[in-house]
Structures are given as C-alpha cells and as structure tokens.
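Participant: Input file: upload.txt. Contents: compact mmCIF, C-alpha atoms.
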# COMPACT_ATOMS: atom_id res chain seq x y z
CA MET A 1 -268.00 36.10 142.05
CA LYS A 2 -266.09 38.36 144.45
CA LEU A 3 -269.28 39.16 146.34
CA ARG A 4 -270.25 35.49 146.61
CA LEU A 5 -266.81 34.58 147.93
CA ALA A 6 -266.85 37.42 150.43
CA LEU A 7 -270.32 36.46 151.66
CA ALA A 8 -269.27 32.82 151.99
CA ALA A 9 -266.16 33.77 153.95
CA THR A 10 -268.19 36.03 156.23
CA ALA A 11 -270.72 33.28 156.83
CA THR A 12 -267.99 30.79 157.70
CA PHE A 13 -266.30 33.20 160.10
CA ALA A 14 -269.67 33.93 161.66
CA PHE A 15 -270.18 30.19 162.10
CA ALA A 16 -266.78 29.98 163.81
CA ALA A 17 -267.78 32.84 166.10
CA THR A 18 -271.00 31.03 166.94
CA ALA A 19 -269.10 27.82 167.65
CA PHE A 20 -266.59 29.72 169.76
CA ALA A 21 -269.42 31.03 171.95
CA ALA A 22 -271.54 27.87 171.69
CA ASP A 23 -271.51 27.04 175.38
CA GLU A 24 -272.91 30.23 176.84
CA ALA A 25 -272.99 28.66 180.29
CA ARG A 26 -269.21 28.40 180.19
CA LYS A 27 -267.40 31.53 179.16
CA PRO A 28 -263.80 31.11 177.98
CA ASP A 29 -261.37 30.87 180.89
CA VAL A 30 -258.53 33.26 180.02
CA ALA A 31 -256.47 32.14 183.03
CA LYS A 32 -256.67 28.53 181.89
CA GLY A 33 -255.79 29.65 178.37
CA ARG A 34 -252.69 31.33 179.73
CA GLN A 35 -251.71 28.12 181.50
CA ILE A 36 -252.14 26.10 178.31
CA SER A 37 -250.11 28.66 176.38
CA GLU A 38 -247.28 28.59 178.91
CA THR A 39 -247.13 24.80 179.16
CA VAL A 40 -248.05 23.63 175.65
CA CYS A 41 -247.53 26.44 173.16
CA ALA A 42 -244.76 28.68 174.52
CA ALA A 43 -241.84 26.78 173.00
CA CYS A 44 -242.96 27.81 169.51
CA HIS A 45 -245.34 30.75 169.89
CA GLY A 46 -243.99 32.38 173.04
CA ALA A 47 -245.85 32.43 176.34
CA ASP A 48 -247.94 35.42 175.21
CA GLY A 49 -248.36 34.53 171.55
CA ASN A 50 -245.33 36.50 170.39
CA PRO A 51 -242.83 33.92 169.07
CA PRO A 52 -239.11 34.71 169.30
CA THR A 53 -238.47 33.82 165.65
CA PRO A 54 -240.40 34.10 162.35
CA ALA A 55 -240.50 30.31 162.10
CA TYR A 56 -243.86 30.44 163.89
CA PRO A 57 -246.81 32.85 163.51
CA LYS A 58 -247.71 35.58 165.95
CA LEU A 59 -250.96 34.76 167.74
CA ALA A 60 -251.13 37.64 170.21
CA GLY A 61 -254.05 39.97 169.56
CA GLN A 62 -255.69 37.70 167.00
CA LEU A 63 -259.49 37.59 166.99
CA ALA A 64 -260.53 34.68 169.21
CA PRO A 65 -263.07 33.07 166.83
CA TYR A 66 -260.42 32.88 164.10
CA THR A 67 -257.80 31.29 166.36
CA PHE A 68 -260.43 28.84 167.59
CA LYS A 69 -261.38 27.94 164.01
CA GLN A 70 -257.75 27.29 163.06
CA LEU A 71 -257.19 25.09 166.09
CA MET A 72 -260.34 23.12 165.28
CA ASN A 73 -259.19 22.78 161.66
CA PHE A 74 -255.92 21.26 162.84
CA LYS A 75 -257.77 18.61 164.85
CA ALA A 76 -258.79 15.31 163.30
CA ALA A 77 -262.39 14.34 164.04
CA SER A 78 -264.73 11.41 163.41
CA GLY A 79 -261.97 9.39 161.79
CA LYS A 80 -261.38 12.07 159.15
CA GLU A 81 -258.11 13.79 158.40
CA PRO A 82 -257.76 17.34 159.76
CA GLU A 83 -258.88 20.12 157.46
CA ARG A 84 -255.56 21.90 157.96
CA LYS A 85 -252.48 19.70 157.95
CA ASN A 86 -249.30 20.41 159.89
CA ALA A 87 -247.47 17.59 161.62
CA ILE A 88 -246.60 19.65 164.70
CA MET A 89 -249.97 21.35 165.15
CA ASN A 90 -251.97 18.21 164.36
CA GLY A 91 -250.17 16.43 167.18
CA ILE A 92 -250.54 19.27 169.66
CA VAL A 93 -254.27 19.90 169.17
CA ALA A 94 -254.94 16.18 169.50
CA THR A 95 -254.43 16.71 173.23
CA LEU A 96 -256.75 19.74 173.45
CA SER A 97 -260.50 19.74 173.95
CA PRO A 98 -262.77 22.32 172.29
CA ASP A 99 -262.99 24.10 175.64
CA ASP A 100 -259.18 24.17 175.86
CA MET A 101 -259.11 25.74 172.41
CA ARG A 102 -261.70 28.37 173.37
CA ASP A 103 -259.68 29.23 176.46
CA LEU A 104 -256.45 29.44 174.50
CA ALA A 105 -257.99 31.56 171.75
CA ALA A 106 -259.52 33.91 174.32
CA PHE A 107 -256.16 34.29 176.08
CA TYR A 108 -254.28 35.15 172.88
CA ALA A 109 -256.94 37.72 172.02
CA THR A 110 -256.12 39.60 175.24
CA GLN A 111 -252.42 39.82 174.48
CA LYS A 112 -250.68 42.66 172.67
CA GLU A 113 -248.92 41.76 169.47
CA LYS A 114 -245.38 43.05 169.17
CA PRO A 115 -245.06 45.44 166.22
CA GLY A 116 -243.20 44.36 163.13
CA VAL A 117 -241.47 46.33 160.43
CA ALA A 118 -241.31 46.36 156.63
CA LYS A 119 -237.70 45.62 155.73
CA ASN A 120 -237.57 46.05 151.95
CA LYS A 121 -237.80 49.73 151.08
CA ASP A 122 -237.73 48.90 147.37
CA THR A 123 -241.07 47.05 147.48
CA VAL A 124 -243.04 49.06 150.06
CA ALA A 125 -244.87 51.04 147.37
CA LEU A 126 -245.93 47.87 145.54
CA GLY A 127 -246.98 46.18 148.77
CA GLN A 128 -248.99 49.20 149.85
CA SER A 129 -250.66 49.44 146.45
CA ILE A 130 -251.76 45.79 146.56
CA PHE A 131 -252.92 46.01 150.17
CA ARG A 132 -254.88 49.23 149.65
CA GLY A 133 -256.12 48.87 146.08
CA GLY A 134 -255.44 45.36 144.82
CA ILE A 135 -254.46 44.90 141.17
CA VAL A 136 -257.30 45.95 138.90
CA GLU A 137 -256.04 44.31 135.72
CA LYS A 138 -255.88 40.95 137.53
CA SER A 139 -259.21 41.41 139.32
CA LEU A 140 -257.21 41.04 142.51
CA PRO A 141 -259.11 42.58 145.45
CA ALA A 142 -257.45 44.83 148.00
CA CYS A 143 -256.39 43.07 151.21
CA ALA A 144 -257.83 46.01 153.15
CA GLY A 145 -261.27 45.26 151.75
CA CYS A 146 -261.57 42.24 154.05
CA HIS A 147 -258.86 42.66 156.67
CA GLY A 148 -259.45 46.34 157.36
CA PRO A 149 -257.40 49.46 156.54
CA ASN A 150 -254.95 48.73 159.34
CA GLY A 151 -254.96 44.95 158.87
CA LEU A 152 -256.58 44.39 162.25
CA GLY A 153 -259.39 42.26 160.88
CA VAL A 154 -263.14 42.61 161.27
CA PRO A 155 -264.72 40.92 164.32
CA ASN A 156 -266.67 37.78 163.38
CA GLN A 157 -265.73 38.19 159.73
CA TYR A 158 -262.01 38.33 158.87
CA PRO A 159 -258.77 37.77 160.83
CA GLY A 160 -256.15 40.33 161.69
CA ILE A 161 -252.96 40.13 159.63
CA ALA A 162 -251.05 43.31 160.61
CA ASN A 163 -247.57 42.90 162.10
CA GLN A 164 -247.40 39.23 161.13
CA TRP A 165 -243.95 37.93 160.24
CA THR A 166 -243.20 38.45 156.55
CA ASP A 167 -241.92 34.90 156.18
CA TYR A 168 -245.11 33.43 157.64
CA THR A 169 -247.43 35.48 155.44
CA VAL A 170 -245.38 34.57 152.37
CA ALA A 171 -245.52 30.88 153.29
CA GLN A 172 -249.28 30.93 153.80
CA LEU A 173 -250.02 32.80 150.57
CA LYS A 174 -247.84 30.37 148.64
CA ALA A 175 -249.51 27.42 150.37
CA PHE A 176 -252.93 28.78 149.37
CA ARG A 177 -251.70 29.35 145.82
CA ALA A 178 -250.39 25.80 145.55
CA GLY A 179 -253.52 24.32 147.10
CA GLU A 180 -251.47 22.96 150.00
CA ARG A 181 -253.64 24.89 152.44
CA GLY A 182 -257.36 24.64 151.81
CA ASN A 183 -259.28 25.68 154.92
CA ASP A 184 -260.33 29.02 153.46
CA PRO A 185 -264.11 29.44 152.88
CA GLN A 186 -265.08 28.67 149.28
CA GLY A 187 -261.42 28.86 148.27
CA MET A 188 -261.37 32.62 148.75
CA MET A 189 -257.69 32.91 149.66
CA ARG A 190 -256.71 30.28 147.12
CA THR A 191 -258.39 32.39 144.44
CA VAL A 192 -256.64 35.55 145.63
CA ALA A 193 -253.18 33.99 146.02
CA GLY A 194 -253.54 32.20 142.70
CA LYS A 195 -253.47 35.55 140.93
CA MET A 196 -250.25 36.72 142.60
CA THR A 197 -246.64 36.38 141.53
CA ASP A 198 -243.86 35.66 144.00
CA ALA A 199 -242.78 39.30 143.79
CA GLU A 200 -246.29 40.52 144.60
CA ILE A 201 -246.63 38.09 147.50
CA ASN A 202 -243.27 39.12 148.93
CA ALA A 203 -244.07 42.82 148.59
CA VAL A 204 -247.50 42.73 150.25
CA ALA A 205 -246.29 40.39 153.01
CA ASP A 206 -243.43 42.74 153.84
CA TYR A 207 -245.77 45.72 153.84
CA ILE A 208 -248.24 43.91 156.14
CA ALA A 209 -245.42 43.20 158.60
CA GLY A 210 -245.05 46.93 159.25
CA LEU A 211 -248.74 47.88 159.43
CA ARG A 212 -249.90 49.87 162.45
Now, as a test, write the supplied structure out as structure tokens.

Facilitator:
Amino acid sequence: MKLRLALAATATFAFAATAFAADEARKPDVAKGRQISETVCAACHGADGNPPTPAYPKLAGQLAPYTFKQLMNFKAASGKEPERKNAIMNGIVATLSPDDMRDLAAFYATQKEKPGVAKNKDTVALGQSIFRGGIVEKSLPACAGCHGPNGLGVPNQYPGIANQWTDYTVAQLKAFRAGERGNDPQGMMRTVAGKMTDAEINAVADYIAGLR
C-alpha cells in the first residue's frame, strides 16, 4: 500500500512537472512572475514569497512544478469546482492564466526562503523522530522518506516543506486528516495525517519549521 501510494504521488508530481513545462516554445518568464508577485500576491505572501506573518504560507524556494500544481488546483475549470478550495486563493487565481501561473511559480523557485525555527524544545525530539523515522507501530512513514532528509523536497516528485511556518503545516495536516483538503495524489497525505494525533502533528510541524 505504501509503495502504491508513493508511486501514485510521484506520477502525479511528474505529471505536474510535465504540465509546467508543457509549452517548450515559451519558457517561464521569471521577470513577469516577479511583477505578478509584487502586484497580486505580495499583500499576503510578501513580494518574494516570504510572508510577514504565519497566516500565509512561505512560497519562496518552493519547487516550481509543485507551486504550479497548487495554483492550478485552486482554479475552477470547465464549470467544475476547484480541486482545492480557499475563498481568497480561488478568487485570485481566477484572474491568472496558466502561463501567469508558470511565471509566478518559476519566480518563487528562484527566491530564498527565510529560515524558521523550532520553538517548542519539549517536543523537538518527538518531531525529529516522526520526521526521520515515522511511527512504526502506526505504520506511519517518515516525512523524510518523501520530502528528503532536509525537507527540501525531491524535484519532480515531492515538495519542499523545510522552514515552513509551524501554524501553516499544522493547519494543512489537520485539513488533510479531516478530509477538508483533498488534492493529494491517491489520498497519500490524508492517509498519513489520519494516523496522527494533534500532539504528533504539532511536534513534527514545529520541528519542520527549524529544518536546515
């Protein structure tokens, strides 16, 4: 089961990477992406993808195909509801074309993410244990198995998660667990988060925030 989920997730990310680079005659325009970021996205995510508050996720340094996939998932298409629902993001991406999204994703990928820090010294050991080794008795896989030992992601396979705000990671894991977010390939993250308690989610999210 774990192998099938991992292969499905890899295939979906690979598809996103292919879609990101679909128009080979038009490479992503990083300068245009910067302009879109500064005029459309900066109020929440910061001009360079480093938001001033944990209310919004850090986008700087994220792998471009992943950012592109998320933007596309926020966008309604062919009369269908968006795959990922968020009132603010659904409204914003409605004004963006796929090329705009490629440009924006490419721009964020060139930016340097500001480092975070683990704030709860009492849960660092638990967070590290889950990230590095998972929880065997729950058949919970290690985060590092997909996202890399430093949480930087694997190009064309899995997104980077290191240095992300603790609050944002907690919110996303809980959303996956509750089924409120469902744009993960074959329910992979929903399966993972569904095995975690609040304490485990909080611990690993805090640990991830301080990864280097």

Participant: Taking only C-alpha atoms into account, which of A:Gln164, A:Gly133, A:Arg102, A:Ala142 comes nearest Ala60 in chain A?

Facilitator: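 Nearest to Ala60 in chain A: A:Gln164.
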
Participant: Rounded to one decimal, what separation in Å do you get between CA of Gly151 in chain A and CA of Ile208 in chain A?

Facilitator: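 Here the two named atoms are 7.3 Å from each other.
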
Participant: Work out how far apart CA of Gly182 in chain A and CA of Ser37 in chain A are and give it in Å to one decimal.

Facilitator: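 It comes out at 25.9 Å.
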
Participant: Work out how far CA of Gln62 in chain A is from CA of Ala106 in chain A, in Å to one decimal.

Facilitator: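 Distance reported for this atom pair: 9.1 Å.
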
Participant: Give me, as a compact mmCIF listing (two decimals) with C-alpha atoms, keeping the file's coordinate frame, all polymer residues having an atom no more than 10 Å from Tyr56 in chain A, counting all atoms listed in the file and skipping those fewer than 6 positions away in the same chain.

Facilitator:
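To be explicit, this is the file written out as result-v1.txt:
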# COMPACT_ATOMS: atom_id res chain seq x y z
CA CYS A 44 -242.96 27.81 169.51
CA HIS A 45 -245.34 30.75 169.89
CA GLY A 46 -243.99 32.38 173.04
CA GLY A 49 -248.36 34.53 171.55
CA ASN A 50 -245.33 36.50 170.39
CA GLN A 164 -247.40 39.23 161.13
CA TRP A 165 -243.95 37.93 160.24
CA ASP A 167 -241.92 34.90 156.18
CA TYR A 168 -245.11 33.43 157.64

Participant: Looking at A:Lys114, A:Lys80, A:Gln172, A:Thr166, which one is nearest to Asp184 in chain A, with distances taken over all atoms listed in the file?

Facilitator: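 For Asp184 in chain A, the nearest of the given residues is A:Gln172.
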
Participant: Give one line per residue of range 100-175 of chain A that approaches range 190-201 of chain A to at most 9 Å, naming the two atoms of the closest pair and their distance in Å to one decimal, counting all atoms listed in the file; sort by chain then ascending residue number and deliver it as a tab-separated table.

Facilitator:
residue	atom	partner	partner_atom	distance
A:Thr123	CA	A:Ala199	CA	8.8
A:Leu126	CA	A:Glu200	CA	7.4
A:Gly127	CA	A:Glu200	CA	7.1
A:Ile130	CA	A:Glu200	CA	7.8
A:Lys138	CA	A:Lys195	CA	6.8
A:Ser139	CA	A:Lys195	CA	8.4
A:Leu140	CA	A:Val192	CA	6.3
A:Pro141	CA	A:Val192	CA	7.5
A:Thr169	CA	A:Ile201	CA	8.4
A:Val170	CA	A:Ile201	CA	6.1
A:Leu173	CA	A:Ala193	CA	5.7
A:Lys174	CA	A:Ala193	CA	7.0
A:Ala175	CA	A:Arg190	CA	8.4

Participant: Would you mind telling me which residue in A:Arg34, A:Arg181, A:Arg26, A:Arg212 lies nearest to Phe107 in chain A when using all atoms listed in the file?

Facilitator: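 Of all the options, A:Arg34 lies closest to Phe107 in chain A.
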
Participant: Restricting the calculation to only C-alpha atoms: of A:Ile92, A:Asp29, A:Pro65, A:Ala203, which residue gets closest to Ala43 in chain A?

Facilitator: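 Counting only C-alpha atoms, the residue closest to Ala43 in chain A is A:Ile92.
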